[in-house]
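Raw contents of structure_14.txt, compact mmCIF, C-alpha atoms and all ligand atoms:
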# COMPACT_ATOMS: atom_id res chain seq x y z
CA MET A 237 -20.92 13.81 -3.39
CA THR A 238 -17.30 12.97 -4.03
CA VAL A 239 -15.80 12.55 -7.49
CA THR A 240 -12.84 10.26 -8.20
CA LEU A 241 -11.78 9.86 -11.83
CA ASN A 242 -8.71 7.87 -10.84
CA PRO A 243 -9.48 5.57 -7.92
CA ALA A 244 -6.91 3.04 -6.72
CA LEU A 245 -6.81 -0.29 -4.96
CA ASP A 246 -4.23 0.55 -2.32
CA LEU A 247 -1.84 -2.27 -1.50
CA THR A 248 -0.14 -1.32 1.75
CA VAL A 249 2.98 -3.38 2.48
CA GLN A 250 4.65 -3.20 5.88
CA ALA A 251 8.39 -3.51 5.38
CA GLY A 252 10.44 -2.41 8.38
CA GLY A 253 13.86 -1.03 7.38
CA TRP A 254 13.36 -1.75 3.66
CA GLN A 255 16.17 -0.59 1.38
CA ARG A 256 15.86 0.69 -2.18
CA GLY A 257 17.50 -1.64 -4.71
CA GLU A 258 17.80 -4.55 -2.21
CA VAL A 259 15.85 -7.77 -1.56
CA ASN A 260 13.58 -6.88 1.37
CA ALA A 261 11.43 -8.94 3.71
CA ALA A 262 7.91 -7.61 4.31
CA GLN A 263 5.91 -8.28 7.48
CA GLY A 264 2.39 -7.95 6.15
CA ALA A 265 0.13 -6.51 3.50
CA GLN A 266 -3.41 -5.20 3.21
CA GLN A 267 -5.51 -4.12 0.27
CA ASP A 268 -8.05 -1.28 0.56
CA ALA A 269 -10.35 0.30 -1.96
CA GLY A 270 -9.04 3.86 -2.21
CA GLY A 271 -8.41 6.91 -4.30
CA LYS A 272 -8.89 10.37 -2.89
CA GLY A 273 -12.65 10.82 -3.34
CA VAL A 274 -13.36 7.24 -2.27
CA ASN A 275 -11.46 7.97 0.95
CA VAL A 276 -13.26 11.28 1.52
CA ALA A 277 -16.62 9.54 1.05
CA ALA A 278 -15.65 6.68 3.40
CA ILE A 279 -14.62 9.13 6.14
CA LEU A 280 -17.73 11.28 5.75
CA ALA A 281 -19.87 8.14 5.95
CA ASP A 282 -18.06 7.09 9.16
CA TRP A 283 -18.93 10.53 10.57
CA GLY A 284 -22.58 9.94 9.72
CA ALA A 285 -22.94 12.35 6.79
CA PRO A 286 -25.07 11.17 3.88
CA VAL A 287 -22.67 10.79 0.95
CA ALA A 288 -22.57 9.53 -2.62
CA ALA A 289 -19.42 8.69 -4.57
CA THR A 290 -19.01 8.90 -8.31
CA GLY A 291 -16.15 8.69 -10.78
CA LEU A 292 -14.79 6.00 -13.07
CA LEU A 293 -14.32 2.45 -11.83
CA GLY A 294 -12.75 -0.49 -13.70
CA ARG A 295 -15.27 -3.28 -14.10
CA ASP A 296 -12.69 -6.07 -13.61
CA ASN A 297 -11.90 -5.35 -9.96
CA ALA A 298 -14.88 -3.31 -8.74
CA ALA A 299 -15.79 -5.78 -5.95
CA PRO A 300 -13.65 -4.32 -3.11
CA PHE A 301 -15.04 -0.85 -3.85
CA GLU A 302 -18.60 -2.16 -3.90
CA THR A 303 -18.01 -3.90 -0.56
CA LEU A 304 -16.62 -0.70 0.97
CA PHE A 305 -19.58 1.36 -0.26
CA ARG A 306 -22.05 -1.23 1.04
CA ASP A 307 -20.32 -1.53 4.43
CA LYS A 308 -20.15 2.23 4.95
CA GLY A 309 -23.52 3.14 3.41
CA VAL A 310 -21.98 5.26 0.63
CA SER A 311 -24.29 5.60 -2.37
CA ASP A 312 -22.38 4.07 -5.32
CA GLU A 313 -22.80 6.22 -8.43
CA PHE A 314 -19.53 5.22 -10.11
CA VAL A 315 -19.56 4.81 -13.88
CA ARG A 316 -18.15 1.36 -14.72
CA VAL A 317 -15.47 1.33 -17.43
CA PRO A 318 -13.71 -1.58 -19.16
CA GLY A 319 -10.51 -2.86 -17.50
CA ALA A 320 -9.09 -2.95 -13.95
CA THR A 321 -8.69 0.04 -11.64
CA ARG A 322 -5.01 0.75 -10.92
CA VAL A 323 -3.18 -0.54 -7.87
CA GLY A 324 -1.49 1.99 -5.59
CA LEU A 325 1.54 0.57 -3.81
CA LYS A 326 2.14 2.04 -0.34
CA ILE A 327 5.27 0.85 1.47
CA VAL A 328 5.14 1.58 5.18
CA ASP A 329 8.32 1.42 7.24
CA PRO A 330 7.34 1.40 10.94
CA THR A 331 11.01 1.63 12.01
CA ARG A 332 11.60 4.89 10.12
CA GLY A 333 7.99 6.00 10.44
CA ASP A 334 7.65 6.81 6.75
CA THR A 335 5.36 5.83 3.88
CA THR A 336 6.46 5.55 0.24
CA ASP A 337 3.78 5.79 -2.46
CA LEU A 338 4.01 4.35 -5.98
CA ASN A 339 0.99 5.56 -7.93
CA LEU A 340 0.28 4.20 -11.42
CA PRO A 341 -1.28 6.45 -14.09
CA GLY A 342 -4.63 4.62 -14.19
CA LEU A 343 -6.95 3.48 -16.95
CA THR A 344 -7.11 5.55 -20.13
CA VAL A 345 -10.52 7.20 -20.24
CA SER A 346 -12.70 7.12 -23.35
CA ALA A 347 -14.72 10.16 -24.46
CA ARG A 348 -17.86 8.08 -23.89
CA ALA A 349 -17.03 7.26 -20.27
CA LEU A 350 -16.14 10.88 -19.56
CA ALA A 351 -19.40 12.09 -21.10
CA HIS A 352 -21.29 9.56 -18.94
CA LEU A 353 -19.57 10.87 -15.82
CA GLN A 354 -20.29 14.49 -16.75
CA ALA A 355 -23.94 13.62 -17.30
CA THR A 356 -24.00 12.00 -13.83
CA LEU A 357 -22.51 15.16 -12.30
CA ARG A 358 -24.97 17.42 -14.08
CA SER A 359 -28.03 15.42 -13.11
CA GLN A 360 -27.51 15.51 -9.34
CA PRO A 361 -30.50 16.73 -7.34
CA ALA A 362 -30.38 20.16 -5.71
CA GLY A 363 -30.01 18.46 -2.31
CA VAL A 364 -26.40 17.59 -3.17
CA GLU A 365 -24.94 20.63 -1.44
CA VAL A 366 -21.24 19.86 -1.67
CA VAL A 367 -19.26 18.28 -4.51
CA ALA A 368 -15.66 17.27 -3.80
CA LEU A 369 -13.41 16.83 -6.85
CA CYS A 370 -10.57 14.62 -5.71
CA GLY A 371 -7.30 13.20 -6.96
CA SER A 372 -5.26 12.97 -10.13
CA LEU A 373 -6.77 12.88 -13.60
CA PRO A 374 -6.25 9.61 -15.49
CA PRO A 375 -4.81 9.48 -19.02
CA GLY A 376 -7.27 10.73 -21.63
CA VAL A 377 -8.71 13.50 -19.43
CA HIS A 378 -7.62 17.06 -20.19
CA ALA A 379 -5.91 19.01 -17.40
CA SER A 380 -8.67 21.63 -17.59
CA PHE A 381 -11.34 19.08 -16.57
CA TYR A 382 -11.64 20.25 -12.96
CA ALA A 383 -11.41 23.94 -13.86
CA GLU A 384 -14.38 23.52 -16.20
CA GLU A 385 -16.41 21.39 -13.78
CA VAL A 386 -15.82 23.87 -10.94
CA ALA A 387 -17.39 26.65 -13.02
CA ARG A 388 -20.39 24.47 -13.98
CA LEU A 389 -20.95 23.17 -10.46
CA ARG A 390 -20.72 26.64 -8.92
CA GLU A 391 -23.20 27.89 -11.50
CA GLN A 392 -25.57 25.18 -10.24
CA GLY A 393 -25.14 26.56 -6.72
CA ARG A 394 -22.96 23.77 -5.32
CA PHE A 395 -20.21 24.24 -2.76
CA VAL A 396 -17.15 22.80 -4.54
CA ALA A 397 -14.09 21.33 -2.82
CA LEU A 398 -10.95 20.51 -4.79
CA ASP A 399 -7.99 18.31 -3.83
CA THR A 400 -5.75 17.59 -6.78
CA SER A 401 -2.21 18.10 -8.00
CA GLY A 402 0.00 18.90 -10.99
CA GLU A 403 -1.40 20.47 -14.14
CA ALA A 404 -5.00 19.84 -13.05
CA LEU A 405 -4.43 21.95 -9.93
CA ARG A 406 -2.56 24.63 -11.86
CA ALA A 407 -5.42 24.88 -14.37
CA ALA A 408 -8.03 25.07 -11.59
CA LEU A 409 -6.07 27.74 -9.67
CA THR A 410 -5.59 29.95 -12.73
CA ALA A 411 -9.24 29.69 -13.89
CA ASP A 412 -11.71 32.57 -13.54
CA THR A 413 -13.91 30.61 -11.10
CA LEU A 414 -12.16 29.01 -8.15
CA PRO A 415 -13.60 26.25 -5.93
CA GLN A 416 -14.87 27.45 -2.54
CA LEU A 417 -12.61 24.97 -0.70
CA ILE A 418 -9.07 24.14 -1.86
CA LYS A 419 -6.85 21.67 0.04
CA PRO A 420 -3.44 21.28 -1.55
CA ASN A 421 -0.48 20.01 0.40
CA ILE A 422 2.39 22.46 0.37
CA HIS A 423 4.31 20.57 -2.35
CA GLU A 424 1.26 20.44 -4.60
CA LEU A 425 0.73 24.18 -4.11
CA GLU A 426 4.39 24.99 -4.87
CA THR A 427 4.27 22.93 -8.06
CA ALA A 428 0.98 24.48 -9.19
CA LEU A 429 2.22 28.02 -8.54
CA GLY A 430 5.60 27.27 -10.13
CA HIS A 431 7.70 28.63 -7.26
CA PRO A 432 8.85 27.43 -3.83
CA LEU A 433 7.06 28.52 -0.66
CA THR A 434 9.89 28.64 1.85
CA THR A 435 8.38 30.60 4.73
CA ASP A 436 5.03 30.56 6.53
CA ALA A 437 4.50 34.13 5.33
CA GLU A 438 4.86 33.01 1.71
CA VAL A 439 2.37 30.16 2.19
CA LEU A 440 -0.06 32.59 3.83
CA ALA A 441 0.33 35.11 1.01
CA ALA A 442 -0.29 32.40 -1.61
CA ALA A 443 -3.43 31.21 0.23
CA ARG A 444 -4.68 34.80 0.64
CA ASP A 445 -4.24 35.37 -3.07
CA LEU A 446 -6.56 32.40 -3.78
CA ILE A 447 -9.08 33.83 -1.32
CA ARG A 448 -8.94 37.22 -3.05
CA ARG A 449 -9.66 35.42 -6.32
CA GLY A 450 -12.81 33.69 -5.07
CA ALA A 451 -11.96 30.75 -2.81
CA GLU A 452 -13.65 30.76 0.62
CA LEU A 453 -11.34 28.43 2.51
CA VAL A 454 -7.81 27.40 1.59
CA ALA A 455 -6.14 24.71 3.68
CA VAL A 456 -2.47 24.09 2.97
CA SER A 457 -1.54 20.83 4.65
CA GLN A 458 2.05 20.24 5.68
CA GLY A 459 2.17 16.64 6.90
CA GLU A 460 3.16 16.07 10.53
CA ARG A 461 3.65 19.83 10.98
CA GLY A 462 -0.05 20.53 10.53
CA ALA A 463 -2.00 22.82 8.23
CA LEU A 464 -2.55 26.49 7.53
CA LEU A 465 -6.24 27.38 7.13
CA VAL A 466 -7.17 30.70 5.60
CA THR A 467 -10.49 32.48 5.00
CA ALA A 468 -11.20 36.08 4.01
CA ARG A 469 -11.32 37.08 7.71
CA GLU A 470 -8.97 34.73 9.52
CA ALA A 471 -5.89 32.57 9.23
CA VAL A 472 -4.94 29.84 11.70
CA PHE A 473 -2.28 27.16 11.93
CA ALA A 474 -3.49 23.80 13.30
CA ARG A 475 -0.88 21.47 14.78
CA PRO A 476 -1.89 17.81 15.21
CA PRO A 477 -1.26 15.84 18.39
CA ARG A 478 1.30 13.05 18.28
CA VAL A 479 -0.34 9.75 17.30
CA THR A 480 0.80 6.19 16.56
CA VAL A 481 0.84 6.14 12.78
CA GLN A 482 -0.16 3.02 10.82
CA SER A 483 0.09 4.76 7.45
CA THR A 484 -0.13 8.41 6.47
CA VAL A 485 -1.94 7.51 3.23
CA GLY A 486 -5.22 9.41 3.11
CA ALA A 487 -4.32 11.96 5.84
CA GLY A 488 -5.21 14.73 3.41
CA ASP A 489 -8.45 13.04 2.37
CA ALA A 490 -9.55 12.82 6.00
CA MET A 491 -8.77 16.54 6.32
CA VAL A 492 -10.96 17.29 3.28
CA ALA A 493 -13.77 15.21 4.81
CA GLY A 494 -13.38 17.08 8.11
CA LEU A 495 -13.49 20.47 6.38
CA ILE A 496 -16.60 19.48 4.42
CA SER A 497 -18.41 18.27 7.52
CA ALA A 498 -17.37 21.48 9.29
CA HIS A 499 -18.81 23.51 6.41
CA LEU A 500 -22.08 21.55 6.54
CA ASP A 501 -22.27 22.15 10.29
CA GLY A 502 -21.42 25.86 9.94
CA LEU A 503 -18.40 25.64 12.28
CA ASN A 504 -16.10 28.61 12.78
CA LEU A 505 -12.51 28.38 11.53
CA GLU A 506 -10.97 27.25 14.81
CA SER A 507 -13.54 24.47 15.27
CA ALA A 508 -13.17 23.46 11.61
CA ALA A 509 -9.38 23.28 12.06
CA ARG A 510 -9.82 21.09 15.15
CA ARG A 511 -12.30 18.78 13.48
CA ALA A 512 -10.32 18.41 10.24
CA THR A 513 -7.06 17.80 12.07
CA SER A 514 -8.70 15.26 14.40
CA PHE A 515 -10.05 13.41 11.34
CA SER A 516 -6.55 13.34 9.78
CA ALA A 517 -4.73 12.33 12.94
CA GLY A 518 -7.40 9.73 13.74
CA SER A 519 -7.45 8.20 10.28
CA ILE A 520 -3.69 7.63 10.14
CA THR A 521 -3.88 5.45 13.23
CA ARG A 522 -5.54 2.79 11.03
CA LEU A 523 -5.04 1.36 7.55
CA GLY A 524 -7.61 2.31 4.94
CA ALA A 525 -10.00 5.26 5.21
CA HIS A 526 -11.66 4.80 8.60
CA LEU A 527 -12.38 7.14 11.49
CA PRO A 528 -11.83 6.11 15.10
CA PRO A 529 -14.83 6.22 17.46
CA ARG A 530 -16.35 9.64 18.23
CA ALA A 531 -14.89 9.80 21.76
CA ASP A 532 -11.34 9.30 20.40
CA LEU A 533 -11.93 11.98 17.79
CA ASP A 534 -13.19 14.40 20.44
CA ALA A 535 -10.07 13.71 22.51
CA LEU A 536 -7.85 14.33 19.49
CA ALA A 537 -9.71 17.52 18.57
CA ALA A 538 -9.17 18.86 22.09
CA GLN A 539 -5.42 18.28 21.71
CA VAL A 540 -5.06 20.10 18.38
CA GLN A 541 -3.15 23.36 18.84
CA VAL A 542 -4.79 26.16 16.89
CA GLU A 543 -2.94 29.47 16.70
CA PRO A 544 -3.57 32.64 14.69
CA ALA A 545 -1.28 32.49 11.67
CA GLN A 546 -0.59 36.23 11.45
CA PRO A 547 -2.15 39.60 12.22
CA LEU A 548 -5.31 40.11 10.22
CA THR A 549 -3.94 42.56 7.69
CA ALA A 550 -5.00 41.91 4.11
N1 LIG B 601 2.61 11.97 11.10
C1 LIG B 601 1.52 12.68 11.37
N2 LIG B 601 1.09 12.81 12.64
C2 LIG B 601 -0.03 13.54 12.95
N3 LIG B 601 -0.79 14.13 12.01
C3 LIG B 601 -0.41 14.04 10.73
C4 LIG B 601 0.75 13.31 10.33
N4 LIG B 601 0.84 13.38 8.99
C5 LIG B 601 -0.22 14.12 8.57
N5 LIG B 601 -0.96 14.52 9.61
C6 LIG B 601 -2.17 15.34 9.59
O1 LIG B 601 -2.82 15.15 8.32
C7 LIG B 601 -2.93 16.41 7.63
C8 LIG B 601 -2.79 16.16 6.15
O2 LIG B 601 -1.53 15.57 5.90
P1 LIG B 601 -0.69 15.80 4.56
O3 LIG B 601 -0.24 17.21 4.45
O4 LIG B 601 0.36 14.75 4.56
O5 LIG B 601 -1.81 15.53 3.44
P2 LIG B 601 -1.67 15.00 1.96
O6 LIG B 601 -0.27 15.18 1.46
O7 LIG B 601 -2.76 15.62 1.19
O8 LIG B 601 -1.98 13.45 2.21
P3 LIG B 601 -2.55 12.30 1.22
O9 LIG B 601 -2.33 12.78 -0.19
O10 LIG B 601 -1.78 11.08 1.58
O11 LIG B 601 -4.00 12.18 1.57
C9 LIG B 601 -1.86 17.31 8.23
O12 LIG B 601 -2.18 18.68 8.10
C10 LIG B 601 -1.84 16.84 9.71
O13 LIG B 601 -2.87 17.47 10.43
O1 LIG B 602 -2.99 9.70 -7.98
P1 LIG B 602 -3.73 10.50 -6.91
O2 LIG B 602 -5.19 10.54 -7.20
O3 LIG B 602 -3.13 11.85 -6.67
O4 LIG B 602 -3.50 9.74 -5.53
C1 LIG B 602 -3.99 8.44 -5.35
C2 LIG B 602 -3.83 8.05 -3.89
O5 LIG B 602 -2.46 8.07 -3.49
O6 LIG B 602 -4.52 8.99 -3.09
C3 LIG B 602 -5.08 8.34 -1.94
C4 LIG B 602 -4.49 8.95 -0.71
O7 LIG B 602 -4.74 10.31 -0.64
C5 LIG B 602 -4.79 6.87 -2.12
O8 LIG B 602 -5.88 6.11 -1.69
C6 LIG B 602 -4.47 6.71 -3.58
O9 LIG B 602 -3.64 5.61 -3.89
Translate the structure described by the file into C-alpha cells.
Ligand SMILES: Nc1ncnc2c1ncn2[C@@H]1O[C@H](COP(=O)(O)OP(=O)(O)OP(=O)(O)O)[C@@H](O)[C@H]1O
Ligand SMILES: O=P(O)(O)OC[C@@]1(O)O[C@H](CO)[C@@H](O)[C@@H]1O
Amino acid sequence: MTVTLNPALDLTVQAGGWQRGEVNAAQGAQQDAGGKGVNVAAILADWGAPVAATGLLGRDNAAPFETLFRDKGVSDEFVRVPGATRVGLKIVDPTRGDTTDLNLPGLTVSARALAHLQATLRSQPAGVEVVALCGSLPPGVHASFYAEEVARLREQGRFVALDTSGEALRAALTADTLPQLIKPNIHELETALGHPLTTDAEVLAAARDLIRRGAELVAVSQGERGALLVTAREAVFARPPRVTVQSTVGAGDAMVAGLISAHLDGLNLESAARRATSFSAGSITRLGAHLPPRADLDALAAQVQVEPAQPLTA
C-alpha cells in the first residue's frame, strides 16, 4: 500500500529553450495524476504487483486519479477531502535536457480528514506487507506525522518504506524507530541531516549511520549519476544506462517501486539495484508514471553498472 497525503495533478509543459522572466513558446503539454505514492503505486501495478493507494484526494478534481487507478488496477483507498488537489507544474526543456518543478503546498488538511486517513492505515489487513509513505506533508499536518506512523506500522509488523523531504524527513530520521527502507535523494538527505555531503565516503557514512540505527536498506539517489544502496552487509553504487529522457519527474518514485518489488521477491542487493535502476531509467523515457515493457526493462537492467561502494568495514 502506498500513502500520499499530498498528491498532485502534474502538468508537464514542453518548452524548448525557455527563459526565466521571458515570454516563452511551449510545444506541448500533458496532465497526469501524480504525487509520489500515486506514482509508486502506478509503477508497482505496471510490474504486476497487487497494490492499494491511500492518502488524501481533493473531491473537485479526483477524476484523473480515479481513471489512473482503474486503468492500472490499483485499489483506490484514498480519503476524499473538500477542494481540488494541487497542480504540479513541470517544465521540460528537451534542448537543455532539464526539468523544472514548481510544487504548490497543497490543500490544508483538517483534523477529521487526517483521523480518517489514520483509521484507514490502522485497519489494513495483515496481508498488506509493505507500506510506502511518500511525498511532502500538506499544510495542517505536523512534521512528525511520518515518524509516528513508522513506529505504529512497524509495531504492526509492516515493512515500511519512506520517501519524503524537509522537516518530515528530518523528524523521521531522528526518531527512535526508523523505516526499513529509506530513499532520499542526496539533496533531501543533506537538508535533513543539516550538513553537506560532498564526497561518496560522506554519503556512505551517513547511510551506514541510518542502518546502524535500524534501517535495513538506504538508497541515496543522485539523479543521472545513479544511486548508492547500503545494507548492514553491503554497499553498492548503481549507475544507470543512458536513455532518451522525456521527463525526470518520478525517477525516484520508480526507484522506490523497484526496491519494494525487489524486497517482495527477496532479491540480493545487486539484483535490487539493477531492478530499481531499470525502473527509474525506464520510467523517465515516458511522461507520467509508466513502466516500459518487460523486455525493455530486462535490457536496461542488464546495462546498469553495479560496483561495490567501498570495502566492507563498518
Ligand atoms: N537523466 C537520467 N538518466 C538515467 N537515469 C536517471 C536520470 N535521472 C535519474 N535517473 C535514475 O533515477 C534515479 C532516481 O533519480 P533522482 O535521484 O533524480 O530521484 P528523485 O530526486 O527522488 O526524483 P523525483 O523526486 O523526481 O521522483 C537515479 O538514481 C537514476 O538511477
Ligand atoms: O511535494 P512532493 O510530494 O515532495 O512532490 C510532489 C511531486 O513532485 O512528486 C512527484 C514526483 O516524484 C510528482 O508527481 C509530484 O508533483
(request) Have a look at atom CA of A:Thr484 and atom CA of A:Thr410 and let me know their distance in Å, one decimal. (result)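 The value is 29.4 Å.
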(request) For each of A:Ile327, A:Ser457, A:Thr303, A:Ala289, take the minimum atom-to-atom distance to A:Gly252, counting only C-alpha atoms, then give the residue where this is smallest. (result)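 Result for the nearest residue to A:Gly252: A:Ile327.
The closest residue to ligand LIG 601 (chain B), picked from A:Arg394, A:Lys272, A:His352, A:Lys326 and counting only C-alpha atoms and all ligand atoms, is A:Lys272.
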(message) Would you pick out the contacts of A:Ser401 at 9 Å or less, using only C-alpha atoms, so that residues sharing its chain but fewer than 6 positions from it are not included, and give the list as a list in words?
(response)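 Within the cut-off, the hits are Gly371, Ser372, Leu373, Pro420, Asn421, His423, Glu424, Leu425, Thr427 and Ala428 of chain A.
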(request) Counting only C-alpha atoms and all ligand atoms, figure out which residue out of A:Thr321, A:Gln250, A:Asn339, A:Ser346 gets nearest to ligand LIG 602 (chain B). (result) A:Asn339
(message) Around ligand LIG 601 (chain B), out to 7 Å and counting all atoms listed in the file, which residues are there? I want them as a ChimeraX atom specification.
(response) /A:272,420-421,457-463,474-479,481,484-489,491,513,516-517
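A straight line drawn from atom CA of A:Phe515 to atom CA of A:Thr413 is 28.5 Å long.
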Find the residues of chain A that sit at most 9 Å from ligand LIG 602 (chain B); for each, write down the nearest two atoms and how far apart they are in Å, to one decimal. Count all atoms listed in the file. Sort by chain, then by number going up, and give it as JSON lines.
{"residue": "A:Thr240", "atom": "CA", "partner": "B:LIG602", "partner_atom": "O2", "distance": 7.7}
{"residue": "A:Leu241", "atom": "CA", "partner": "B:LIG602", "partner_atom": "O2", "distance": 8.1}
{"residue": "A:Asn242", "atom": "CA", "partner": "B:LIG602", "partner_atom": "O2", "distance": 5.7}
{"residue": "A:Pro243", "atom": "CA", "partner": "B:LIG602", "partner_atom": "O2", "distance": 6.6}
{"residue": "A:Ala244", "atom": "CA", "partner": "B:LIG602", "partner_atom": "O9", "distance": 5.0}
{"residue": "A:Leu245", "atom": "CA", "partner": "B:LIG602", "partner_atom": "O9", "distance": 6.8}
{"residue": "A:Asp246", "atom": "CA", "partner": "B:LIG602", "partner_atom": "O9", "distance": 5.3}
{"residue": "A:Leu247", "atom": "CA", "partner": "B:LIG602", "partner_atom": "O9", "distance": 8.4}
{"residue": "A:Asp268", "atom": "CA", "partner": "B:LIG602", "partner_atom": "O8", "distance": 8.0}
{"residue": "A:Ala269", "atom": "CA", "partner": "B:LIG602", "partner_atom": "O8", "distance": 7.3}
{"residue": "A:Gly270", "atom": "CA", "partner": "B:LIG602", "partner_atom": "O8", "distance": 3.9}
{"residue": "A:Gly271", "atom": "CA", "partner": "B:LIG602", "partner_atom": "O8", "distance": 3.7}
{"residue": "A:Lys272", "atom": "CA", "partner": "B:LIG602", "partner_atom": "C3", "distance": 4.4}
{"residue": "A:Gly273", "atom": "CA", "partner": "B:LIG602", "partner_atom": "C3", "distance": 8.1}
{"residue": "A:Val274", "atom": "CA", "partner": "B:LIG602", "partner_atom": "O8", "distance": 7.6}
{"residue": "A:Asn275", "atom": "CA", "partner": "B:LIG602", "partner_atom": "O8", "distance": 6.4}
{"residue": "A:Val276", "atom": "CA", "partner": "B:LIG602", "partner_atom": "O7", "distance": 8.8}
{"residue": "A:Arg322", "atom": "CA", "partner": "B:LIG602", "partner_atom": "O9", "distance": 8.7}
{"residue": "A:Val323", "atom": "CA", "partner": "B:LIG602", "partner_atom": "O9", "distance": 7.3}
{"residue": "A:Gly324", "atom": "CA", "partner": "B:LIG602", "partner_atom": "O9", "distance": 4.5}
{"residue": "A:Leu325", "atom": "CA", "partner": "B:LIG602", "partner_atom": "O9", "distance": 7.2}
{"residue": "A:Lys326", "atom": "CA", "partner": "B:LIG602", "partner_atom": "O9", "distance": 7.7}
{"residue": "A:Asp337", "atom": "CA", "partner": "B:LIG602", "partner_atom": "O5", "distance": 6.7}
{"residue": "A:Leu338", "atom": "CA", "partner": "B:LIG602", "partner_atom": "O5", "distance": 7.9}
{"residue": "A:Asn339", "atom": "CA", "partner": "B:LIG602", "partner_atom": "O1", "distance": 5.7}
{"residue": "A:Leu340", "atom": "CA", "partner": "B:LIG602", "partner_atom": "O1", "distance": 7.3}
{"residue": "A:Pro341", "atom": "CA", "partner": "B:LIG602", "partner_atom": "O1", "distance": 7.1}
{"residue": "A:Gly342", "atom": "CA", "partner": "B:LIG602", "partner_atom": "O1", "distance": 8.2}
{"residue": "A:Cys370", "atom": "CA", "partner": "B:LIG602", "partner_atom": "O2", "distance": 6.9}
{"residue": "A:Gly371", "atom": "CA", "partner": "B:LIG602", "partner_atom": "O2", "distance": 3.4}
{"residue": "A:Ser372", "atom": "CA", "partner": "B:LIG602", "partner_atom": "O2", "distance": 3.8}
{"residue": "A:Leu373", "atom": "CA", "partner": "B:LIG602", "partner_atom": "O2", "distance": 7.0}
{"residue": "A:Pro374", "atom": "CA", "partner": "B:LIG602", "partner_atom": "O1", "distance": 8.2}
{"residue": "A:Asp399", "atom": "CA", "partner": "B:LIG602", "partner_atom": "O3", "distance": 8.6}
{"residue": "A:Thr400", "atom": "CA", "partner": "B:LIG602", "partner_atom": "O3", "distance": 6.3}
{"residue": "A:Ser401", "atom": "CA", "partner": "B:LIG602", "partner_atom": "O3", "distance": 6.5}
{"residue": "A:Gly402", "atom": "CA", "partner": "B:LIG602", "partner_atom": "O3", "distance": 8.8}
{"residue": "A:Thr484", "atom": "CA", "partner": "B:LIG602", "partner_atom": "C4", "distance": 8.4}
{"residue": "A:Val485", "atom": "CA", "partner": "B:LIG602", "partner_atom": "C4", "distance": 4.9}
{"residue": "A:Gly486", "atom": "CA", "partner": "B:LIG602", "partner_atom": "O7", "distance": 3.9}
{"residue": "A:Ala487", "atom": "CA", "partner": "B:LIG602", "partner_atom": "O7", "distance": 6.7}
{"residue": "A:Gly488", "atom": "CA", "partner": "B:LIG602", "partner_atom": "O7", "distance": 6.0}
{"residue": "A:Asp489", "atom": "CA", "partner": "B:LIG602", "partner_atom": "O7", "distance": 5.5}
{"residue": "A:Ala490", "atom": "CA", "partner": "B:LIG602", "partner_atom": "O7", "distance": 8.6}
{"residue": "A:Gly524", "atom": "CA", "partner": "B:LIG602", "partner_atom": "O8", "distance": 7.8}
{"residue": "A:Ala525", "atom": "CA", "partner": "B:LIG602", "partner_atom": "O8", "distance": 8.1}
(request) Compile the contact shell of A:Ala351 as a PyMOL selection string: residues with an atom at most 12 Å away, counting all atoms listed in the file, same-chain residues fewer than 4 positions apart removed. (result) chain A and resi 291-292+315+345-347+355-358+377+381
(request) Determine the nearest neighbour of A:Leu429 from the options A:Ala397, A:Arg449, A:Glu302, A:Glu403, counting all atoms listed in the file. (result)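 Closest to A:Leu429, using all atoms listed in the file: A:Glu403.
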So that I can look at just that part, could you write stretch 280-314 of chain A with C-alpha atoms, as a short mmCIF file (atom, residue, chain, number, x, y, z; two decimals), in the first residue's frame?
data_model
loop_
_atom_site.label_atom_id
_atom_site.label_comp_id
_atom_site.auth_asym_id
_atom_site.auth_seq_id
_atom_site.Cartn_x
_atom_site.Cartn_y
_atom_site.Cartn_z
CA LEU A 280 4.15 -1.38 -9.00
CA ALA A 281 0.85 -2.09 -10.74
CA ASP A 282 2.60 -1.98 -14.14
CA TRP A 283 5.05 -4.56 -12.78
CA GLY A 284 2.13 -6.78 -11.79
CA ALA A 285 2.28 -6.37 -8.00
CA PRO A 286 -1.05 -6.13 -6.20
CA VAL A 287 -1.18 -2.60 -4.78
CA ALA A 288 -3.54 -0.24 -3.00
CA ALA A 289 -3.13 3.53 -2.75
CA THR A 290 -4.39 5.72 0.05
CA GLY A 291 -3.94 9.31 1.14
CA LEU A 292 -5.98 12.48 0.80
CA LEU A 293 -7.58 13.42 -2.50
CA GLY A 294 -9.48 16.62 -3.36
CA ARG A 295 -13.04 15.80 -4.36
CA ASP A 296 -13.21 18.52 -7.05
CA ASN A 297 -10.66 17.00 -9.42
CA ALA A 298 -10.48 13.34 -8.40
CA ALA A 299 -11.48 12.02 -11.85
CA PRO A 300 -7.97 11.72 -13.43
CA PHE A 301 -6.75 9.83 -10.35
CA GLU A 302 -9.76 7.52 -10.44
CA THR A 303 -9.13 6.84 -14.14
CA LEU A 304 -5.46 6.05 -13.47
CA PHE A 305 -6.33 3.67 -10.63
CA ARG A 306 -8.97 1.94 -12.75
CA ASP A 307 -6.68 1.63 -15.79
CA LYS A 308 -3.79 0.22 -13.77
CA GLY A 309 -5.82 -1.93 -11.36
CA VAL A 310 -4.69 -0.01 -8.27
CA SER A 311 -7.13 -0.38 -5.38
CA ASP A 312 -8.34 3.16 -4.59
CA GLU A 313 -8.49 3.72 -0.83
CA PHE A 314 -7.99 7.50 -0.91
#
